[in-house]
Amino acid sequence: MDEEKRITLRLPAHLHEWLAAQAKAARRSLNSEIVYRLEVERAAAGADAESP
């Protein structure tokens with residue numbers, strides 16, 4: 001990432017708990033887990049757009 005932006009994010013408690021557990025299992029910070037999942041989804045969306 002060349003530049004980072006700070007945002008405030010509100011999540012339902014159950015989603016926060018799930019993401020925190022996923023981050024712990026992957027040995028990532030919660031922030032890194034969110035960024036990772038967004039990047040994976042972005043790549044998948046790009047691949048879907050390129051499919052006929």
# chains A, B, ... in the order shown; residues from 1 in each chain; ligands from 1
$ select_by_dssp --residues "chain A" --states "helix (DSSP H, G or I)" --output "NGL selection string"
:A and (13-25 or 30-50)
$ atom_distance --atom1 "atom CA of Leu11 of chain A" --atom2 "atom CA of Arg27 of chain A"
20.9 Å
$ residues_around --residues "Ala21 of chain A" --least-positions-apart "6" --cutoff "12 Å" --atoms "only C-alpha atoms" --output "number ranges by chain"
A: 14-15, 27-30, 33-34
$ write_last_selection --atoms "all heavy atoms" --output "PDB file, in the first residue's frame"
ATOM      1  N   HIS A  14     -21.622  -9.518  16.669  1.00  0.00           N
ATOM      2  CA  HIS A  14     -21.382 -10.905  16.260  1.00  0.00           C
ATOM      3  C   HIS A  14     -20.399 -10.972  15.095  1.00  0.00           C
ATOM      4  O   HIS A  14     -19.567 -11.881  15.034  1.00  0.00           O
ATOM      5  CB  HIS A  14     -22.694 -11.620  15.907  1.00  0.00           C
ATOM      6  CG  HIS A  14     -23.384 -11.078  14.691  1.00  0.00           C
ATOM      7  ND1 HIS A  14     -23.195 -11.591  13.444  1.00  0.00           N
ATOM      8  CD2 HIS A  14     -24.238 -10.040  14.552  1.00  0.00           C
ATOM      9  CE1 HIS A  14     -23.906 -10.908  12.573  1.00  0.00           C
ATOM     10  NE2 HIS A  14     -24.553  -9.957  13.225  1.00  0.00           N
ATOM     11  N   LEU A  15     -20.429 -10.002  14.186  1.00  0.00           N
ATOM     12  CA  LEU A  15     -19.498  -9.979  13.071  1.00  0.00           C
ATOM     13  C   LEU A  15     -18.091  -9.620  13.557  1.00  0.00           C
ATOM     14  O   LEU A  15     -17.099 -10.210  13.127  1.00  0.00           O
ATOM     15  CB  LEU A  15     -19.964  -8.987  12.008  1.00  0.00           C
ATOM     16  CG  LEU A  15     -19.130  -8.917  10.728  1.00  0.00           C
ATOM     17  CD1 LEU A  15     -18.983 -10.292  10.084  1.00  0.00           C
ATOM     18  CD2 LEU A  15     -19.751  -7.929   9.756  1.00  0.00           C
ATOM     19  N   ARG A  27      -3.425 -15.749  12.706  1.00  0.00           N
ATOM     20  CA  ARG A  27      -2.295 -15.025  13.316  1.00  0.00           C
ATOM     21  C   ARG A  27      -2.093 -13.653  12.677  1.00  0.00           C
ATOM     22  O   ARG A  27      -0.994 -13.257  12.349  1.00  0.00           O
ATOM     23  CB  ARG A  27      -1.025 -15.868  13.255  1.00  0.00           C
ATOM     24  CG  ARG A  27      -1.208 -17.209  13.962  1.00  0.00           C
ATOM     25  CD  ARG A  27       0.013 -18.005  13.978  1.00  0.00           C
ATOM     26  NE  ARG A  27       0.921 -17.370  14.944  1.00  0.00           N
ATOM     27  CZ  ARG A  27       2.031 -17.898  15.364  1.00  0.00           C
ATOM     28  NH1 ARG A  27       2.411 -19.070  14.927  1.00  0.00           N
ATOM     29  NH2 ARG A  27       2.791 -17.274  16.224  1.00  0.00           N
ATOM     30  N   ARG A  28      -3.229 -12.960  12.471  1.00  0.00           N
ATOM     31  CA  ARG A  28      -3.212 -11.609  11.927  1.00  0.00           C
ATOM     32  C   ARG A  28      -3.913 -10.681  12.903  1.00  0.00           C
ATOM     33  O   ARG A  28      -4.721 -11.119  13.722  1.00  0.00           O
ATOM     34  CB  ARG A  28      -3.982 -11.540  10.597  1.00  0.00           C
ATOM     35  CG  ARG A  28      -3.310 -12.190   9.434  1.00  0.00           C
ATOM     36  CD  ARG A  28      -4.014 -11.843   8.130  1.00  0.00           C
ATOM     37  NE  ARG A  28      -5.115 -12.723   7.829  1.00  0.00           N
ATOM     38  CZ  ARG A  28      -5.026 -13.775   7.018  1.00  0.00           C
ATOM     39  NH1 ARG A  28      -3.889 -14.073   6.428  1.00  0.00           N
ATOM     40  NH2 ARG A  28      -6.071 -14.524   6.792  1.00  0.00           N
ATOM     41  N   SER A  29      -3.640  -9.395  12.778  1.00  0.00           N
ATOM     42  CA  SER A  29      -4.402  -8.403  13.543  1.00  0.00           C
ATOM     43  C   SER A  29      -5.793  -8.307  12.931  1.00  0.00           C
ATOM     44  O   SER A  29      -6.022  -8.738  11.783  1.00  0.00           O
ATOM     45  CB  SER A  29      -3.722  -7.033  13.479  1.00  0.00           C
ATOM     46  OG  SER A  29      -3.785  -6.511  12.162  1.00  0.00           O
ATOM     47  N   LEU A  30      -6.712  -7.749  13.673  1.00  0.00           N
ATOM     48  CA  LEU A  30      -8.062  -7.568  13.151  1.00  0.00           C
ATOM     49  C   LEU A  30      -8.017  -6.682  11.909  1.00  0.00           C
ATOM     50  O   LEU A  30      -8.671  -6.972  10.903  1.00  0.00           O
ATOM     51  CB  LEU A  30      -8.977  -6.957  14.222  1.00  0.00           C
ATOM     52  CG  LEU A  30     -10.418  -6.703  13.819  1.00  0.00           C
ATOM     53  CD1 LEU A  30     -11.103  -7.977  13.343  1.00  0.00           C
ATOM     54  CD2 LEU A  30     -11.180  -6.096  14.979  1.00  0.00           C
ATOM     55  N   GLU A  33      -6.744  -8.666   8.986  1.00  0.00           N
ATOM     56  CA  GLU A  33      -7.758  -9.629   8.546  1.00  0.00           C
ATOM     57  C   GLU A  33      -8.796  -8.951   7.660  1.00  0.00           C
ATOM     58  O   GLU A  33      -9.171  -9.480   6.605  1.00  0.00           O
ATOM     59  CB  GLU A  33      -8.439 -10.285   9.750  1.00  0.00           C
ATOM     60  CG  GLU A  33      -9.419 -11.371   9.397  1.00  0.00           C
ATOM     61  CD  GLU A  33      -8.782 -12.626   8.821  1.00  0.00           C
ATOM     62  OE1 GLU A  33      -7.568 -12.838   8.982  1.00  0.00           O
ATOM     63  OE2 GLU A  33      -9.525 -13.413   8.199  1.00  0.00           O
ATOM     64  N   ILE A  34      -9.245  -7.790   8.068  1.00  0.00           N
ATOM     65  CA  ILE A  34     -10.237  -7.057   7.275  1.00  0.00           C
ATOM     66  C   ILE A  34      -9.647  -6.674   5.923  1.00  0.00           C
ATOM     67  O   ILE A  34     -10.282  -6.867   4.875  1.00  0.00           O
ATOM     68  CB  ILE A  34     -10.746  -5.827   8.045  1.00  0.00           C
ATOM     69  CG1 ILE A  34     -11.561  -6.277   9.258  1.00  0.00           C
ATOM     70  CG2 ILE A  34     -11.577  -4.916   7.144  1.00  0.00           C
ATOM     71  CD1 ILE A  34     -11.885  -5.172  10.250  1.00  0.00           C
TER      72      ILE A  34
END
$ residues_around --residues "Asn31 of chain A" --least-positions-apart "4" --cutoff "12 Å" --atoms "only C-alpha atoms" --output "PyMOL selection string"
chain A and resi 6-9+16+19-20+22-24+27+35-38
$ write_last_selection --atoms "all heavy atoms" --output "tab-separated table (two decimals), in the first residue's frame"
chain	number	residue	atom	x	y	z
A	6	ARG	N	-7.35	6.19	7.25
A	6	ARG	CA	-7.96	5.73	8.49
A	6	ARG	C	-9.47	5.95	8.37
A	6	ARG	O	-9.91	7.01	7.92
A	6	ARG	CB	-7.40	6.53	9.66
A	6	ARG	CG	-7.93	6.08	11.01
A	6	ARG	CD	-7.26	6.88	12.10
A	6	ARG	NE	-5.88	6.47	12.23
A	6	ARG	CZ	-5.40	5.79	13.26
A	6	ARG	NH1	-6.19	5.45	14.25
A	6	ARG	NH2	-4.13	5.46	13.31
A	7	ILE	N	-10.24	4.93	8.76
A	7	ILE	CA	-11.69	5.05	8.75
A	7	ILE	C	-12.25	4.56	10.08
A	7	ILE	O	-11.59	3.80	10.80
A	7	ILE	CB	-12.35	4.26	7.60
A	7	ILE	CG1	-12.14	2.74	7.77
A	7	ILE	CG2	-11.85	4.73	6.25
A	7	ILE	CD1	-12.98	1.90	6.85
A	8	THR	N	-13.45	4.99	10.36
A	8	THR	CA	-14.19	4.45	11.49
A	8	THR	C	-15.18	3.46	10.93
A	8	THR	O	-15.90	3.75	9.96
A	8	THR	CB	-14.94	5.57	12.23
A	8	THR	OG1	-13.98	6.51	12.71
A	8	THR	CG2	-15.73	5.02	13.40
A	9	LEU	N	-15.21	2.27	11.49
A	9	LEU	CA	-16.06	1.21	10.99
A	9	LEU	C	-16.94	0.68	12.12
A	9	LEU	O	-16.43	0.31	13.18
A	9	LEU	CB	-15.19	0.07	10.43
A	9	LEU	CG	-15.89	-1.16	9.90
A	9	LEU	CD1	-16.75	-0.80	8.69
A	9	LEU	CD2	-14.86	-2.21	9.55
A	16	HIS	N	-18.00	-8.70	14.49
A	16	HIS	CA	-16.71	-8.34	15.08
A	16	HIS	C	-16.09	-9.55	15.77
A	16	HIS	O	-14.89	-9.83	15.60
A	16	HIS	CB	-16.89	-7.18	16.07
A	16	HIS	CG	-15.62	-6.80	16.76
A	16	HIS	ND1	-15.22	-7.41	17.93
A	16	HIS	CD2	-14.67	-5.92	16.42
A	16	HIS	CE1	-14.06	-6.88	18.30
A	16	HIS	NE2	-13.70	-5.97	17.40
A	19	LEU	N	-14.87	-12.02	13.07
A	19	LEU	CA	-13.65	-11.53	12.42
A	19	LEU	C	-12.45	-11.61	13.35
A	19	LEU	O	-11.36	-12.00	12.92
A	19	LEU	CB	-13.84	-10.08	11.95
A	19	LEU	CG	-14.56	-9.89	10.63
A	19	LEU	CD1	-14.93	-8.42	10.46
A	19	LEU	CD2	-13.70	-10.36	9.48
A	20	ALA	N	-12.63	-11.28	14.60
A	20	ALA	CA	-11.54	-11.35	15.57
A	20	ALA	C	-11.06	-12.79	15.73
A	20	ALA	O	-9.85	-13.04	15.80
A	20	ALA	CB	-11.98	-10.77	16.91
A	22	GLN	N	-11.34	-15.18	13.45
A	22	GLN	CA	-10.68	-15.54	12.19
A	22	GLN	C	-9.27	-14.95	12.14
A	22	GLN	O	-8.33	-15.61	11.70
A	22	GLN	CB	-11.50	-15.03	10.99
A	22	GLN	CG	-12.86	-15.67	10.86
A	22	GLN	CD	-12.77	-17.17	10.66
A	22	GLN	OE1	-12.12	-17.64	9.74
A	22	GLN	NE2	-13.42	-17.92	11.51
A	23	ALA	N	-9.12	-13.72	12.60
A	23	ALA	CA	-7.82	-13.06	12.63
A	23	ALA	C	-6.87	-13.82	13.56
A	23	ALA	O	-5.71	-14.06	13.21
A	23	ALA	CB	-7.97	-11.61	13.07
A	24	LYS	N	-7.36	-14.21	14.71
A	24	LYS	CA	-6.52	-14.94	15.67
A	24	LYS	C	-6.08	-16.27	15.08
A	24	LYS	O	-4.91	-16.64	15.20
A	24	LYS	CB	-7.29	-15.14	16.97
A	24	LYS	CG	-6.46	-15.80	18.06
A	24	LYS	CD	-7.21	-15.88	19.36
A	24	LYS	CE	-6.33	-16.49	20.44
A	24	LYS	NZ	-6.99	-16.56	21.72
A	27	ARG	N	-3.42	-15.75	12.71
A	27	ARG	CA	-2.30	-15.02	13.32
A	27	ARG	C	-2.09	-13.65	12.68
A	27	ARG	O	-0.99	-13.26	12.35
A	27	ARG	CB	-1.03	-15.87	13.26
A	27	ARG	CG	-1.21	-17.21	13.96
A	27	ARG	CD	0.01	-18.01	13.98
A	27	ARG	NE	0.92	-17.37	14.94
A	27	ARG	CZ	2.03	-17.90	15.36
A	27	ARG	NH1	2.41	-19.07	14.93
A	27	ARG	NH2	2.79	-17.27	16.22
A	35	VAL	N	-8.42	-6.15	5.91
A	35	VAL	CA	-7.76	-5.76	4.66
A	35	VAL	C	-7.58	-6.99	3.78
A	35	VAL	O	-7.86	-6.96	2.57
A	35	VAL	CB	-6.42	-5.06	4.94
A	35	VAL	CG1	-5.62	-4.88	3.66
A	35	VAL	CG2	-6.66	-3.72	5.61
A	36	TYR	N	-7.12	-8.10	4.36
A	36	TYR	CA	-6.92	-9.33	3.61
A	36	TYR	C	-8.22	-9.77	2.93
A	36	TYR	O	-8.24	-10.07	1.74
A	36	TYR	CB	-6.39	-10.43	4.54
A	36	TYR	CG	-6.42	-11.80	3.92
A	36	TYR	CD1	-5.44	-12.19	3.01
A	36	TYR	CD2	-7.43	-12.70	4.23
A	36	TYR	CE1	-5.47	-13.45	2.42
A	36	TYR	CE2	-7.46	-13.96	3.65
A	36	TYR	CZ	-6.49	-14.33	2.75
A	36	TYR	OH	-6.53	-15.58	2.17
A	37	ARG	N	-9.30	-9.81	3.70
A	37	ARG	CA	-10.57	-10.27	3.15
A	37	ARG	C	-11.11	-9.33	2.07
A	37	ARG	O	-11.68	-9.77	1.07
A	37	ARG	CB	-11.60	-10.46	4.26
A	37	ARG	CG	-11.26	-11.67	5.11
A	37	ARG	CD	-12.18	-11.85	6.29
A	37	ARG	NE	-11.80	-13.05	7.00
A	37	ARG	CZ	-12.26	-14.27	6.68
A	37	ARG	NH1	-13.11	-14.42	5.72
A	37	ARG	NH2	-11.85	-15.31	7.37
A	38	LEU	N	-10.92	-8.04	2.25
A	38	LEU	CA	-11.34	-7.09	1.22
A	38	LEU	C	-10.52	-7.27	-0.06
A	38	LEU	O	-11.07	-7.22	-1.17
A	38	LEU	CB	-11.22	-5.66	1.73
A	38	LEU	CG	-12.26	-5.25	2.76
A	38	LEU	CD1	-11.88	-3.89	3.36
A	38	LEU	CD2	-13.64	-5.19	2.14
$ atom_distance --atom1 "atom CA of Glu4 of chain A" --atom2 "atom CA of Val40 of chain A"
17.9 Å
$ atom_distance --atom1 "atom CA of Arg42 of chain A" --atom2 "atom CA of Lys5 of chain A"
17.4 Å
